[in-house]
Amino acid sequence: MGSDFVGNTAKKELRMKMKEILSLMSGEERKAASHKACVSLIKSELFLSADIVLSYMATGTEADPFRISSAALTAFKMLAFPVCAKEGRGMDFYFVHGAGDMDSFLSQFTRSRYGILEPIPYPSARLSLPPVRAKNILVIVPGLAFSPRGGRLGHGAGYYDRCLSGLKLKALEHDCALALVGFCYDCQISRSVPLEEHDIPMDYVLTQSSLVRCRENML
């Protein structure tokens, strides 16, 4: 109990600190930083070799991967976004398709209880492994803070940790290459991130300054 309390307290303090830092960034600063980071990833072998891209729709002050999502569709990659279960803490990814304009693309989404855009969860669009014609899966993961060694601090609900844990097991079982990329701004990089046993480490961390492979995920 003691170590759990200390860990939760440290996480709470870091969340407050990061939210304060993010609140000081202007919308233009966030937009420019997101754009630069996206361009960097799109040019990388990590993106070019991906068959499936699992992205997200940014909300609030989050780094926005929309350009990555758009590039995935342009390159005829399979693209999916997360949907949080209406009950419990489960999360699954659902595929979307390219559309002629933004309105048509957004018509595939609906607002969640948290106000986040999520794809309409048609059963036939749900990601399941092994996928057809696809072995390399790139996952763009949001977060409040990341460490150079792959530590991630989310908002505390645990949706991503639970989902990624299951996804990693399935990928291993079906011989799929899974690359987890934590996406954030430079100011969200922390020397260390308080971690618990269930926290899933990132393989890479992407910011407007760099795309860095985490050091052997030594947390």
# chains A, B, ... in the order shown; residues from 1 in each chain; ligands from 1
>>> select_by_dssp(residues="stretch 143-184 of chain A", states="strand (DSSP E or B)", output="PDB file with C-alpha atoms, in the first residue's frame")
ATOM      1  CA  ALA A 145       4.431  12.960 -19.993  1.00  0.00           C
ATOM      2  CA  PHE A 146       7.037  10.580 -21.382  1.00  0.00           C
ATOM      3  CA  ARG A 152       4.404   7.106 -20.107  1.00  0.00           C
ATOM      4  CA  LEU A 153       2.049   9.059 -17.888  1.00  0.00           C
ATOM      5  CA  ALA A 177       5.702  -6.290 -35.412  1.00  0.00           C
ATOM      6  CA  LEU A 178       4.230  -3.732 -33.016  1.00  0.00           C
ATOM      7  CA  ALA A 179       5.872  -0.308 -32.519  1.00  0.00           C
ATOM      8  CA  LEU A 180       4.508   1.965 -29.783  1.00  0.00           C
ATOM      9  CA  VAL A 181       5.274   5.647 -30.357  1.00  0.00           C
ATOM     10  CA  GLY A 182       4.583   8.089 -27.534  1.00  0.00           C
ATOM     11  CA  PHE A 183       3.597  11.435 -29.104  1.00  0.00           C
TER      12      PHE A 183
END
>>> residues_around(residues="A:Phe66", least_positions_apart="4", cutoff="10 Å", atoms="only C-alpha atoms", output="short mmCIF file (atom, residue, chain, number, x, y, z; two decimals) with C-alpha atoms, in the first residue's frame")
data_model
loop_
_atom_site.label_atom_id
_atom_site.label_comp_id
_atom_site.auth_asym_id
_atom_site.auth_seq_id
_atom_site.Cartn_x
_atom_site.Cartn_y
_atom_site.Cartn_z
CA SER A 34 2.47 18.87 -33.96
CA HIS A 35 3.03 19.55 -37.66
CA CYS A 38 4.23 14.51 -37.83
CA SER A 55 -3.83 6.80 -34.31
CA TYR A 56 -6.08 9.02 -32.18
CA MET A 57 -8.12 12.19 -32.50
CA ALA A 58 -6.46 14.87 -30.39
CA SER A 70 -4.04 11.62 -43.26
CA ALA A 71 -0.71 10.43 -44.65
CA ALA A 72 -1.59 6.84 -43.72
#
>>> closest_residue(among="A:Leu127, A:Leu73, A:Ala50, A:Cys163", to="A:Phe105", atoms="only C-alpha atoms")
A:Leu73
>>> residues_around(residues="A:Asp64", least_positions_apart="3", cutoff="12 Å", atoms="only C-alpha atoms", output="NGL selection string")
:A and (27 or 29-39 or 55-61 or 67-70 or 140-143 or 182-185 or 206-208)
>>> write_last_selection(atoms="N, CA, C and O atoms", output="short mmCIF file (atom, residue, chain, number, x, y, z; two decimals), in the first residue's frame")
data_model
loop_
_atom_site.label_atom_id
_atom_site.label_comp_id
_atom_site.auth_asym_id
_atom_site.auth_seq_id
_atom_site.Cartn_x
_atom_site.Cartn_y
_atom_site.Cartn_z
N GLY A 27 -2.20 28.05 -29.00
CA GLY A 27 -2.72 27.14 -30.02
C GLY A 27 -1.80 27.06 -31.22
O GLY A 27 -1.61 25.99 -31.80
N GLU A 29 1.46 27.53 -31.25
CA GLU A 29 2.65 26.77 -30.86
C GLU A 29 2.38 25.27 -30.91
O GLU A 29 3.21 24.49 -31.41
N ARG A 30 1.23 24.86 -30.41
CA ARG A 30 0.87 23.44 -30.43
C ARG A 30 0.70 22.95 -31.86
O ARG A 30 1.15 21.85 -32.21
N LYS A 31 0.07 23.76 -32.69
CA LYS A 31 -0.16 23.38 -34.08
C LYS A 31 1.16 23.22 -34.83
O LYS A 31 1.37 22.24 -35.55
N ALA A 32 2.07 24.18 -34.64
CA ALA A 32 3.36 24.13 -35.33
C ALA A 32 4.19 22.94 -34.86
O ALA A 32 4.84 22.25 -35.66
N ALA A 33 4.19 22.70 -33.54
CA ALA A 33 4.97 21.58 -32.99
C ALA A 33 4.41 20.24 -33.47
O ALA A 33 5.17 19.34 -33.84
N SER A 34 3.10 20.11 -33.49
CA SER A 34 2.47 18.87 -33.96
C SER A 34 2.82 18.62 -35.42
O SER A 34 3.16 17.49 -35.82
N HIS A 35 2.74 19.67 -36.22
CA HIS A 35 3.03 19.55 -37.66
C HIS A 35 4.46 19.07 -37.88
O HIS A 35 4.71 18.15 -38.67
N LYS A 36 5.40 19.69 -37.19
CA LYS A 36 6.82 19.35 -37.37
C LYS A 36 7.08 17.90 -36.95
O LYS A 36 7.82 17.17 -37.63
N ALA A 37 6.48 17.48 -35.85
CA ALA A 37 6.66 16.10 -35.38
C ALA A 37 6.06 15.11 -36.36
O ALA A 37 6.67 14.07 -36.67
N CYS A 38 4.89 15.41 -36.87
CA CYS A 38 4.23 14.51 -37.83
C CYS A 38 5.07 14.32 -39.09
O CYS A 38 5.24 13.20 -39.58
N VAL A 39 5.60 15.42 -39.61
CA VAL A 39 6.42 15.36 -40.82
C VAL A 39 7.64 14.47 -40.59
O VAL A 39 8.02 13.66 -41.44
N SER A 55 -4.03 5.39 -34.67
CA SER A 55 -3.83 6.80 -34.31
C SER A 55 -4.86 7.21 -33.26
O SER A 55 -5.49 6.36 -32.62
N TYR A 56 -5.05 8.51 -33.08
CA TYR A 56 -6.08 9.02 -32.18
C TYR A 56 -6.48 10.41 -32.64
O TYR A 56 -5.75 11.08 -33.38
N MET A 57 -7.65 10.84 -32.21
CA MET A 57 -8.12 12.19 -32.50
C MET A 57 -7.79 13.06 -31.29
O MET A 57 -8.28 12.82 -30.18
N ALA A 58 -6.94 14.04 -31.50
CA ALA A 58 -6.46 14.87 -30.39
C ALA A 58 -7.60 15.70 -29.79
O ALA A 58 -8.55 16.08 -30.47
N THR A 59 -7.47 15.94 -28.51
CA THR A 59 -8.43 16.79 -27.82
C THR A 59 -7.67 17.70 -26.86
O THR A 59 -6.58 17.35 -26.37
N GLY A 60 -8.22 18.87 -26.60
CA GLY A 60 -7.58 19.80 -25.67
C GLY A 60 -6.19 20.21 -26.12
O GLY A 60 -5.99 20.64 -27.26
N THR A 61 -5.22 20.02 -25.24
CA THR A 61 -3.85 20.45 -25.52
C THR A 61 -2.97 19.32 -26.06
O THR A 61 -1.76 19.49 -26.19
N ARG A 67 -2.05 14.79 -39.15
CA ARG A 67 -1.28 14.72 -40.40
C ARG A 67 -0.75 13.30 -40.64
O ARG A 67 -0.68 12.84 -41.78
N ILE A 68 -0.40 12.60 -39.59
CA ILE A 68 0.05 11.21 -39.71
C ILE A 68 -1.11 10.34 -40.19
O ILE A 68 -0.96 9.50 -41.08
N SER A 69 -2.28 10.56 -39.60
CA SER A 69 -3.47 9.80 -39.98
C SER A 69 -3.80 10.02 -41.45
O SER A 69 -4.08 9.08 -42.19
N SER A 70 -3.75 11.28 -41.87
CA SER A 70 -4.04 11.62 -43.26
C SER A 70 -3.04 10.98 -44.22
O SER A 70 -3.41 10.44 -45.27
N ILE A 140 0.31 5.19 -32.45
CA ILE A 140 0.61 6.54 -31.98
C ILE A 140 -0.14 6.72 -30.66
O ILE A 140 -1.36 6.67 -30.62
N VAL A 141 0.61 6.93 -29.58
CA VAL A 141 0.03 6.92 -28.23
C VAL A 141 0.12 8.30 -27.58
O VAL A 141 1.22 8.86 -27.46
N PRO A 142 -1.01 8.85 -27.15
CA PRO A 142 -0.98 10.14 -26.46
C PRO A 142 -0.57 9.98 -25.00
O PRO A 142 -0.58 8.87 -24.46
N GLY A 143 -0.24 11.08 -24.37
CA GLY A 143 0.11 11.02 -22.95
C GLY A 143 0.40 12.41 -22.41
O GLY A 143 0.61 13.36 -23.18
N GLY A 182 5.15 7.06 -28.38
CA GLY A 182 4.58 8.09 -27.53
C GLY A 182 4.71 9.44 -28.22
O GLY A 182 5.80 9.81 -28.66
N PHE A 183 3.61 10.18 -28.34
CA PHE A 183 3.60 11.44 -29.10
C PHE A 183 3.31 12.60 -28.16
O PHE A 183 2.28 12.62 -27.48
N CYS A 184 4.21 13.57 -28.16
CA CYS A 184 4.04 14.71 -27.25
C CYS A 184 4.89 15.88 -27.73
O CYS A 184 5.54 15.82 -28.77
N TYR A 185 4.89 16.96 -26.95
CA TYR A 185 5.75 18.12 -27.21
C TYR A 185 7.04 17.98 -26.40
O TYR A 185 7.09 17.25 -25.41
N LEU A 206 8.15 10.54 -29.80
CA LEU A 206 8.16 11.51 -30.89
C LEU A 206 7.78 12.90 -30.38
O LEU A 206 6.75 13.05 -29.72
N THR A 207 8.63 13.89 -30.67
CA THR A 207 8.32 15.29 -30.39
C THR A 207 8.66 16.11 -31.63
O THR A 207 9.15 15.56 -32.63
N GLN A 208 8.46 17.42 -31.55
CA GLN A 208 8.80 18.28 -32.69
C GLN A 208 10.31 18.33 -32.94
O GLN A 208 10.74 18.72 -34.03
#
>>> closest_residue(among="A:Ala63, A:Leu46, A:Ala171, A:Val53", to="A:Asp203", atoms="only C-alpha atoms")
A:Leu46
>>> atom_distance(atom1="atom CA of A:Pro194", atom2="atom CA of A:Gly151")
7.8 Å
>>> atom_distance(atom1="atom CA of A:Asp103", atom2="atom CA of A:Ile42")
23.8 Å
>>> closest_residue(among="A:Leu14, A:Asp186, A:Asp51, A:Ile137", to="A:Leu172", atoms="only C-alpha atoms")
A:Ile137
>>> closest_residue(among="A:Leu144, A:Cys84, A:Ala99, A:Cys176", to="A:Ile52", atoms="only C-alpha atoms")
A:Cys176
>>> atom_distance(atom1="atom CA of A:Leu117", atom2="atom CA of A:Val83")
8.8 Å
>>> closest_residue(among="A:Tyr204, A:Lys170, A:Asp175, A:Phe81", to="A:Pro148", atoms="only C-alpha atoms")
A:Tyr204
>>> closest_residue(among="A:Leu169, A:Arg213, A:Glu62, A:Tyr160", to="A:Met25", atoms="only C-alpha atoms")
A:Glu62
>>> select_by_dssp(residues="stretch 3-198 of chain A", states="alpha helix (DSSP H)", output="ChimeraX atom specification")
/A:3-23,27-42,45-48,66-74,102-106,159-173
>>> residues_around(residues="A:Ala157", least_positions_apart="5", cutoff="12 Å", atoms="only C-alpha atoms", output="VMD selection string")
chain A and resid 84 88 to 91 114 143 162 to 163 199
>>> write_last_selection(atoms="all heavy atoms", output="compact mmCIF listing (two decimals), in the first residue's frame")
# COMPACT_ATOMS: atom_id res chain seq x y z
N CYS A 84 -13.52 3.85 -26.59
CA CYS A 84 -13.61 3.42 -25.19
C CYS A 84 -14.98 2.81 -24.93
O CYS A 84 -16.00 3.32 -25.41
CB CYS A 84 -13.40 4.61 -24.25
SG CYS A 84 -11.74 5.31 -24.33
N GLY A 88 -17.31 0.06 -18.08
CA GLY A 88 -16.00 -0.50 -17.76
C GLY A 88 -14.88 0.36 -18.30
O GLY A 88 -15.06 1.52 -18.67
N ARG A 89 -13.68 -0.23 -18.37
CA ARG A 89 -12.50 0.51 -18.79
C ARG A 89 -11.83 -0.11 -20.01
O ARG A 89 -10.63 -0.01 -20.19
CB ARG A 89 -11.49 0.55 -17.62
CG ARG A 89 -12.00 1.25 -16.37
CD ARG A 89 -12.05 2.75 -16.55
NE ARG A 89 -12.43 3.43 -15.31
CZ ARG A 89 -12.44 4.75 -15.17
NH1 ARG A 89 -12.10 5.52 -16.17
NH2 ARG A 89 -12.81 5.30 -14.03
N GLY A 90 -12.62 -0.76 -20.86
CA GLY A 90 -12.06 -1.39 -22.05
C GLY A 90 -11.91 -0.41 -23.20
O GLY A 90 -12.56 0.64 -23.24
N MET A 91 -11.04 -0.74 -24.13
CA MET A 91 -10.83 0.09 -25.32
C MET A 91 -10.44 -0.80 -26.49
O MET A 91 -9.65 -1.73 -26.33
CB MET A 91 -9.73 1.13 -25.06
CG MET A 91 -9.55 2.14 -26.17
SD MET A 91 -8.30 3.41 -25.76
CE MET A 91 -6.82 2.58 -26.39
N TYR A 114 -16.63 11.42 -23.16
CA TYR A 114 -15.58 12.36 -22.75
C TYR A 114 -15.44 13.51 -23.74
O TYR A 114 -14.57 14.36 -23.59
CB TYR A 114 -14.24 11.63 -22.64
CG TYR A 114 -14.23 10.51 -21.63
CD1 TYR A 114 -14.08 9.19 -22.04
CD2 TYR A 114 -14.37 10.77 -20.26
CE1 TYR A 114 -14.08 8.15 -21.11
CE2 TYR A 114 -14.38 9.74 -19.34
CZ TYR A 114 -14.22 8.44 -19.77
OH TYR A 114 -14.22 7.41 -18.85
N GLY A 143 -0.24 11.08 -24.37
CA GLY A 143 0.11 11.02 -22.95
C GLY A 143 0.40 12.41 -22.41
O GLY A 143 0.61 13.36 -23.18
N ARG A 162 -4.32 -0.99 -20.59
CA ARG A 162 -5.03 -2.26 -20.71
C ARG A 162 -5.10 -2.72 -22.16
O ARG A 162 -4.88 -3.89 -22.48
CB ARG A 162 -6.44 -2.13 -20.12
CG ARG A 162 -6.49 -2.31 -18.61
CD ARG A 162 -7.92 -2.28 -18.10
NE ARG A 162 -8.45 -0.93 -18.15
CZ ARG A 162 -8.30 -0.04 -17.15
NH1 ARG A 162 -7.64 -0.37 -16.07
NH2 ARG A 162 -8.81 1.17 -17.26
N CYS A 163 -5.42 -1.79 -23.05
CA CYS A 163 -5.54 -2.14 -24.46
C CYS A 163 -4.20 -2.56 -25.05
O CYS A 163 -4.11 -3.57 -25.75
CB CYS A 163 -6.12 -0.95 -25.24
SG CYS A 163 -6.32 -1.25 -27.01
N ASP A 199 1.92 -0.44 -16.14
CA ASP A 199 2.19 0.60 -17.13
C ASP A 199 2.98 0.03 -18.31
O ASP A 199 4.00 -0.65 -18.12
CB ASP A 199 2.97 1.76 -16.51
CG ASP A 199 2.14 2.54 -15.50
OD1 ASP A 199 0.93 2.70 -15.74
OD2 ASP A 199 2.69 2.96 -14.46
>>> residues_around(residues="A:Asp161", least_positions_apart="5", cutoff="9 Å", atoms="only C-alpha atoms", output="mmCIF file with C-alpha atoms, in the first residue's frame")
data_model
loop_
_atom_site.group_PDB
_atom_site.id
_atom_site.type_symbol
_atom_site.label_atom_id
_atom_site.label_comp_id
_atom_site.auth_asym_id
_atom_site.auth_seq_id
_atom_site.Cartn_x
_atom_site.Cartn_y
_atom_site.Cartn_z
ATOM 1 C CA GLY A 154 -1.553 9.084 -19.069
ATOM 2 C CA GLY A 166 -3.566 -7.168 -24.834
ATOM 3 C CA HIS A 198 0.787 -2.429 -15.267
ATOM 4 C CA ASP A 199 2.192 0.598 -17.134
ATOM 5 C CA ILE A 200 3.174 -0.204 -20.736
ATOM 6 C CA PRO A 201 6.482 1.308 -21.933
#
>>> decode(residues="stretch 33-66 of chain A", atoms="N, CA and C atoms", output="PDB file, in the first residue's frame")
ATOM      1  N   ALA A  33       4.193  22.695 -33.543  1.00  0.00           N
ATOM      2  CA  ALA A  33       4.967  21.580 -32.989  1.00  0.00           C
ATOM      3  C   ALA A  33       4.414  20.245 -33.475  1.00  0.00           C
ATOM      4  N   SER A  34       3.099  20.111 -33.485  1.00  0.00           N
ATOM      5  CA  SER A  34       2.473  18.870 -33.960  1.00  0.00           C
ATOM      6  C   SER A  34       2.821  18.623 -35.424  1.00  0.00           C
ATOM      7  N   HIS A  35       2.736  19.671 -36.222  1.00  0.00           N
ATOM      8  CA  HIS A  35       3.029  19.549 -37.655  1.00  0.00           C
ATOM      9  C   HIS A  35       4.462  19.072 -37.885  1.00  0.00           C
ATOM     10  N   LYS A  36       5.402  19.692 -37.193  1.00  0.00           N
ATOM     11  CA  LYS A  36       6.823  19.347 -37.367  1.00  0.00           C
ATOM     12  C   LYS A  36       7.082  17.900 -36.951  1.00  0.00           C
ATOM     13  N   ALA A  37       6.478  17.482 -35.845  1.00  0.00           N
ATOM     14  CA  ALA A  37       6.659  16.103 -35.375  1.00  0.00           C
ATOM     15  C   ALA A  37       6.063  15.106 -36.363  1.00  0.00           C
ATOM     16  N   CYS A  38       4.886  15.412 -36.873  1.00  0.00           N
ATOM     17  CA  CYS A  38       4.228  14.509 -37.828  1.00  0.00           C
ATOM     18  C   CYS A  38       5.069  14.323 -39.093  1.00  0.00           C
ATOM     19  N   VAL A  39       5.595  15.425 -39.614  1.00  0.00           N
ATOM     20  CA  VAL A  39       6.420  15.357 -40.822  1.00  0.00           C
ATOM     21  C   VAL A  39       7.638  14.470 -40.585  1.00  0.00           C
ATOM     22  N   SER A  40       8.235  14.596 -39.407  1.00  0.00           N
ATOM     23  CA  SER A  40       9.408  13.789 -39.063  1.00  0.00           C
ATOM     24  C   SER A  40       9.075  12.298 -39.085  1.00  0.00           C
ATOM     25  N   LEU A  41       7.942  11.929 -38.502  1.00  0.00           N
ATOM     26  CA  LEU A  41       7.569  10.511 -38.462  1.00  0.00           C
ATOM     27  C   LEU A  41       7.205   9.992 -39.850  1.00  0.00           C
ATOM     28  N   ILE A  42       6.478  10.796 -40.619  1.00  0.00           N
ATOM     29  CA  ILE A  42       6.026  10.373 -41.946  1.00  0.00           C
ATOM     30  C   ILE A  42       7.208  10.041 -42.852  1.00  0.00           C
ATOM     31  N   LYS A  43       8.318  10.723 -42.652  1.00  0.00           N
ATOM     32  CA  LYS A  43       9.511  10.489 -43.471  1.00  0.00           C
ATOM     33  C   LYS A  43      10.334   9.294 -42.988  1.00  0.00           C
ATOM     34  N   SER A  44       9.999   8.764 -41.820  1.00  0.00           N
ATOM     35  CA  SER A  44      10.808   7.704 -41.213  1.00  0.00           C
ATOM     36  C   SER A  44      10.458   6.332 -41.765  1.00  0.00           C
ATOM     37  N   GLU A  45      11.411   5.417 -41.669  1.00  0.00           N
ATOM     38  CA  GLU A  45      11.177   4.034 -42.075  1.00  0.00           C
ATOM     39  C   GLU A  45      10.098   3.394 -41.206  1.00  0.00           C
ATOM     40  N   LEU A  46       9.988   3.850 -39.987  1.00  0.00           N
ATOM     41  CA  LEU A  46       8.979   3.339 -39.061  1.00  0.00           C
ATOM     42  C   LEU A  46       7.583   3.506 -39.639  1.00  0.00           C
ATOM     43  N   PHE A  47       7.321   4.672 -40.210  1.00  0.00           N
ATOM     44  CA  PHE A  47       6.020   4.928 -40.837  1.00  0.00           C
ATOM     45  C   PHE A  47       5.926   4.260 -42.202  1.00  0.00           C
ATOM     46  N   LEU A  48       6.979   4.390 -42.997  1.00  0.00           N
ATOM     47  CA  LEU A  48       6.948   3.880 -44.362  1.00  0.00           C
ATOM     48  C   LEU A  48       6.714   2.373 -44.403  1.00  0.00           C
ATOM     49  N   SER A  49       7.233   1.652 -43.420  1.00  0.00           N
ATOM     50  CA  SER A  49       7.100   0.196 -43.408  1.00  0.00           C
ATOM     51  C   SER A  49       5.822  -0.294 -42.727  1.00  0.00           C
ATOM     52  N   ALA A  50       5.065   0.599 -42.144  1.00  0.00           N
ATOM     53  CA  ALA A  50       3.857   0.202 -41.410  1.00  0.00           C
ATOM     54  C   ALA A  50       2.739  -0.199 -42.370  1.00  0.00           C
ATOM     55  N   ASP A  51       2.062  -1.281 -42.039  1.00  0.00           N
ATOM     56  CA  ASP A  51       0.873  -1.707 -42.774  1.00  0.00           C
ATOM     57  C   ASP A  51      -0.387  -1.115 -42.156  1.00  0.00           C
ATOM     58  N   ILE A  52      -0.374  -1.046 -40.829  1.00  0.00           N
ATOM     59  CA  ILE A  52      -1.506  -0.521 -40.061  1.00  0.00           C
ATOM     60  C   ILE A  52      -1.014   0.605 -39.171  1.00  0.00           C
ATOM     61  N   VAL A  53      -1.766   1.710 -39.132  1.00  0.00           N
ATOM     62  CA  VAL A  53      -1.468   2.815 -38.219  1.00  0.00           C
ATOM     63  C   VAL A  53      -2.652   2.954 -37.266  1.00  0.00           C
ATOM     64  N   LEU A  54      -2.369   2.861 -35.986  1.00  0.00           N
ATOM     65  CA  LEU A  54      -3.383   3.090 -34.953  1.00  0.00           C
ATOM     66  C   LEU A  54      -3.129   4.480 -34.395  1.00  0.00           C
ATOM     67  N   SER A  55      -4.027   5.394 -34.667  1.00  0.00           N
ATOM     68  CA  SER A  55      -3.831   6.796 -34.313  1.00  0.00           C
ATOM     69  C   SER A  55      -4.862   7.214 -33.262  1.00  0.00           C
ATOM     70  N   TYR A  56      -5.047   8.508 -33.082  1.00  0.00           N
ATOM     71  CA  TYR A  56      -6.079   9.022 -32.180  1.00  0.00           C
ATOM     72  C   TYR A  56      -6.484  10.409 -32.639  1.00  0.00           C
ATOM     73  N   MET A  57      -7.647  10.843 -32.207  1.00  0.00           N
ATOM     74  CA  MET A  57      -8.120  12.192 -32.500  1.00  0.00           C
ATOM     75  C   MET A  57      -7.786  13.061 -31.293  1.00  0.00           C
ATOM     76  N   ALA A  58      -6.936  14.044 -31.503  1.00  0.00           N
ATOM     77  CA  ALA A  58      -6.462  14.872 -30.393  1.00  0.00           C
ATOM     78  C   ALA A  58      -7.598  15.696 -29.789  1.00  0.00           C
ATOM     79  N   THR A  59      -7.472  15.940 -28.512  1.00  0.00           N
ATOM     80  CA  THR A  59      -8.428  16.793 -27.816  1.00  0.00           C
ATOM     81  C   THR A  59      -7.666  17.700 -26.858  1.00  0.00           C
ATOM     82  N   GLY A  60      -8.217  18.870 -26.603  1.00  0.00           N
ATOM     83  CA  GLY A  60      -7.581  19.798 -25.667  1.00  0.00           C
ATOM     84  C   GLY A  60      -6.189  20.213 -26.115  1.00  0.00           C
ATOM     85  N   THR A  61      -5.221  20.024 -25.240  1.00  0.00           N
ATOM     86  CA  THR A  61      -3.846  20.452 -25.515  1.00  0.00           C
ATOM     87  C   THR A  61      -2.969  19.324 -26.064  1.00  0.00           C
ATOM     88  N   GLU A  62      -3.545  18.184 -26.398  1.00  0.00           N
ATOM     89  CA  GLU A  62      -2.748  17.048 -26.866  1.00  0.00           C
ATOM     90  C   GLU A  62      -2.021  17.354 -28.171  1.00  0.00           C
ATOM     91  N   ALA A  63      -0.837  16.769 -28.335  1.00  0.00           N
ATOM     92  CA  ALA A  63      -0.153  16.793 -29.625  1.00  0.00           C
ATOM     93  C   ALA A  63      -1.070  16.119 -30.648  1.00  0.00           C
ATOM     94  N   ASP A  64      -1.196  16.734 -31.815  1.00  0.00           N
ATOM     95  CA  ASP A  64      -2.193  16.300 -32.791  1.00  0.00           C
ATOM     96  C   ASP A  64      -1.553  15.477 -33.913  1.00  0.00           C
ATOM     97  N   PRO A  65      -1.891  14.193 -34.024  1.00  0.00           N
ATOM     98  CA  PRO A  65      -1.317  13.335 -35.065  1.00  0.00           C
ATOM     99  C   PRO A  65      -2.136  13.287 -36.352  1.00  0.00           C
ATOM    100  N   PHE A  66      -3.009  14.274 -36.565  1.00  0.00           N
ATOM    101  CA  PHE A  66      -3.923  14.191 -37.709  1.00  0.00           C
ATOM    102  C   PHE A  66      -3.169  14.085 -39.033  1.00  0.00           C
TER     103      PHE A  66
END
